[in-house]
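Structure record follows, encoded as structure tokens.
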Amino acid sequence: MKNKKNLISALILLGGIPVIMAVGFLLFGGKQYAFISAGVAVLSCVPFFMSFERNSDNNSVKLVIIAVMTALSVTGRVLFSMLYGIKPVTAIIIITAIYLGSETGFMVGSVTALVSNFFFGQGIWTPFQMFTWGLIGFIAGIISEKLKHNRLILYAYGALSGIAYSLIIDIWSVLWNYGEFDASKYPVLISSSLVFTLIYAVSNVIFLMLLAKPIGSKLERITIKYGI
């Protein structure tokens with residue numbers, strides 16, 4: 001039953017969401033980004049609520065924890081907005097996913113992008129950011145045991161997440177600037193954002209060094225205490 005739920009979650013998050021984004025861009029050219037973002041947000045929540053246990057008092061506790069982690073992630077992005085490429089968002093998403101699972105990691109990542117963009121500005125980039133941060137959280141949840149017990153793997157994943165974030169967001173940049181995906185323009189945009197990518201990758205590692213132990217230990221105590 002658990003494997004079946006995991007498979008459904010993966011299909012929804014890794015299959016359904018990209019389809020919504022692609023169809024939305026093809027039909028509306030990105031102009032109806034609010035509907036696309038809403039679709040991504042709804043699908044992000046479905047696997048999370050599927051993981052709820054029936055008639056469990058722990059569900060409300062889990063919701064509170066997720067609200068707190070999302071608030072921390074959003075606040076961190078806003079507070080560090082003046083620093084180029086330096087954001088604690090990815091680190092917080094990864095830490096959340098390690099202790100609360102893939103579905104939760106995806107949800108916190110996607111909701112962080114949606115909510116924080118009310119401050120930074122909404123646009124067709126929003127669903128791309130939602131999917132990318134969500135994907136980082138989802139994968140972190142899958143390999144959580146390795147990330148939890150091996151700091152080198154954790155830091156390497158943080159760095160790779162920074163690179164992956166830029167690579168996926170640059171797909172949006174090509175689509176937005178040229179109206180279609182032009183493979184010849186993609187490497188140009190990647191090279192133009194190389195400095196940002198490197199700074200972001202390094203900052204992810206630094207934030208994981210600073211936050212993984214204090215936040216992780218608290219999340220671990222809470223999950224053990226409430227049986228989450």
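Order determines the names: the first chain of the structure tokens is A, the second B, and so forth; residues in each chain are numbered 1 upward, and ligands are numbered 1 upward as they are shown.
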
Check your understanding: Skipping near chain neighbours, those fewer than 3 positions away, what residues fall within 9 Å of region 130-141 of chain A using only C-alpha atoms, listed as a PyMOL selection string?
Key -> chain A and resi 10+13-14+17-18+37+40-41+44+89-90+93-114+125-127+144-145+147+157+161+164-165+168-169

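Going from CA of Gly158 (chain A) to CA of Ile199 (chain A) covers 12.0 Å.
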
Exercise for review: Go through region 48-182 of chain A and collect every residue that DSSP, computed from the backbone, puts in helix (DSSP H, G or I); the answer should be as a ChimeraX atom specification.
Suggested key: /A:48-50,58-79,89-100,102-120,125-142,144-149,151-178

The selected residues should be written to file as a tab-separated table (two decimals), in the first residue's frame (atoms: C-alpha atoms).
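Everything below was put into out_10.tsv:
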```tsv
chain	number	residue	atom	x	y	z
A	48	PHE	CA	0.99	15.29	1.02
A	49	PHE	CA	-2.58	14.80	2.17
A	50	MET	CA	-2.53	11.25	0.79
A	58	ASN	CA	-0.55	13.71	14.49
A	59	ASN	CA	-1.90	15.19	11.26
A	60	SER	CA	-2.56	18.57	12.89
A	61	VAL	CA	0.92	18.56	14.43
A	62	LYS	CA	2.44	17.82	11.04
A	63	LEU	CA	0.53	20.71	9.47
A	64	VAL	CA	1.83	23.10	12.12
A	65	ILE	CA	5.42	21.96	11.56
A	66	ILE	CA	5.06	22.38	7.80
A	67	ALA	CA	3.57	25.85	8.24
A	68	VAL	CA	6.53	26.81	10.42
A	69	MET	CA	9.12	25.44	7.98
A	70	THR	CA	7.42	27.16	5.05
A	71	ALA	CA	7.34	30.43	7.00
A	72	LEU	CA	11.06	30.07	7.80
A	73	SER	CA	11.85	29.43	4.15
A	74	VAL	CA	9.80	32.39	2.92
A	75	THR	CA	11.21	34.69	5.59
A	76	GLY	CA	14.74	33.60	4.77
A	77	ARG	CA	14.25	34.39	1.10
A	78	VAL	CA	12.87	37.84	1.90
A	79	LEU	CA	15.54	38.71	4.48
A	89	VAL	CA	15.57	28.47	0.93
A	90	THR	CA	17.05	25.32	-0.58
A	91	ALA	CA	18.77	24.33	2.67
A	92	ILE	CA	15.53	24.64	4.65
A	93	ILE	CA	13.60	22.65	2.04
A	94	ILE	CA	16.21	19.88	2.06
A	95	ILE	CA	16.27	19.68	5.87
A	96	THR	CA	12.47	19.56	5.97
A	97	ALA	CA	12.35	16.73	3.41
A	98	ILE	CA	14.97	14.69	5.26
A	99	TYR	CA	12.86	14.51	8.42
A	100	LEU	CA	9.30	14.80	7.08
A	102	SER	CA	9.35	13.58	-0.01
A	103	GLU	CA	5.77	14.78	-0.27
A	104	THR	CA	6.30	17.32	2.50
A	105	GLY	CA	9.57	18.46	0.94
A	106	PHE	CA	7.86	19.06	-2.38
A	107	MET	CA	4.99	20.91	-0.77
A	108	VAL	CA	7.22	23.20	1.30
A	109	GLY	CA	9.34	23.95	-1.77
A	110	SER	CA	6.44	24.78	-4.04
A	111	VAL	CA	4.50	26.80	-1.47
A	112	THR	CA	7.65	28.76	-0.58
A	113	ALA	CA	7.98	29.93	-4.19
A	114	LEU	CA	4.28	30.79	-4.47
A	115	VAL	CA	4.03	32.72	-1.19
A	116	SER	CA	7.39	34.53	-1.38
A	117	ASN	CA	6.62	35.71	-4.90
A	118	PHE	CA	3.82	37.84	-3.51
A	119	PHE	CA	6.77	39.88	-2.25
A	120	PHE	CA	9.10	39.46	-5.26
A	125	TRP	CA	8.57	32.03	-13.53
A	126	THR	CA	6.54	31.19	-10.41
A	127	PRO	CA	5.40	27.67	-11.44
A	128	PHE	CA	8.95	26.91	-12.63
A	129	GLN	CA	10.33	27.93	-9.24
A	130	MET	CA	7.57	25.98	-7.49
A	131	PHE	CA	8.41	22.83	-9.43
A	132	THR	CA	12.19	23.21	-9.08
A	133	TRP	CA	12.25	23.78	-5.32
A	134	GLY	CA	9.61	21.10	-4.92
A	135	LEU	CA	11.68	18.64	-6.94
A	136	ILE	CA	14.74	19.36	-4.81
A	137	GLY	CA	12.70	18.57	-1.70
A	138	PHE	CA	11.17	15.46	-3.22
A	139	ILE	CA	14.53	13.92	-4.12
A	140	ALA	CA	15.96	14.89	-0.72
A	141	GLY	CA	13.18	12.91	0.92
A	142	ILE	CA	13.94	9.85	-1.20
A	144	SER	CA	17.00	11.16	3.29
A	145	GLU	CA	18.91	8.42	5.11
A	146	LYS	CA	22.10	9.12	3.17
A	147	LEU	CA	21.72	12.88	3.61
A	148	LYS	CA	21.01	12.52	7.33
A	149	HIS	CA	24.01	10.34	8.15
A	151	ARG	CA	27.47	15.30	5.78
A	152	LEU	CA	29.62	15.15	2.65
A	153	ILE	CA	26.69	13.73	0.67
A	154	LEU	CA	24.40	16.37	2.20
A	155	TYR	CA	26.70	19.22	1.20
A	156	ALA	CA	27.22	17.75	-2.26
A	157	TYR	CA	23.45	17.50	-2.72
A	158	GLY	CA	23.07	21.12	-1.62
A	159	ALA	CA	25.61	22.25	-4.20
A	160	LEU	CA	24.07	20.14	-6.97
A	161	SER	CA	20.63	21.50	-6.04
A	162	GLY	CA	21.89	25.04	-6.63
A	163	ILE	CA	23.16	24.05	-10.06
A	164	ALA	CA	19.96	22.15	-10.91
A	165	TYR	CA	17.84	25.12	-9.85
A	166	SER	CA	19.61	27.41	-12.31
A	167	LEU	CA	19.51	24.85	-15.13
A	168	ILE	CA	15.75	24.35	-14.80
A	169	ILE	CA	14.97	28.05	-14.39
A	170	ASP	CA	17.01	28.80	-17.52
A	171	ILE	CA	14.57	26.59	-19.45
A	172	TRP	CA	11.88	29.08	-18.48
A	173	SER	CA	14.15	31.94	-19.55
A	174	VAL	CA	14.52	30.46	-23.04
A	175	LEU	CA	10.78	29.86	-23.36
A	176	TRP	CA	9.94	33.36	-22.16
A	177	ASN	CA	12.49	35.21	-24.29
A	178	TYR	CA	12.03	33.27	-27.52
```

Review point. Distance CA of Ile124 (chain A)-CA of Ile8 (chain A), one decimal place?
Key: 26.5 Å

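Between Phe196 (chain A) and the residues A:Ala183, A:Ile224, A:Leu83, A:Leu26, the shortest atom-to-atom distance, using only C-alpha atoms, involves A:Leu83.
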
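Coordinates place CA of Gly24 (chain A) at a distance of 16.3 Å from CA of Ile12 (chain A).
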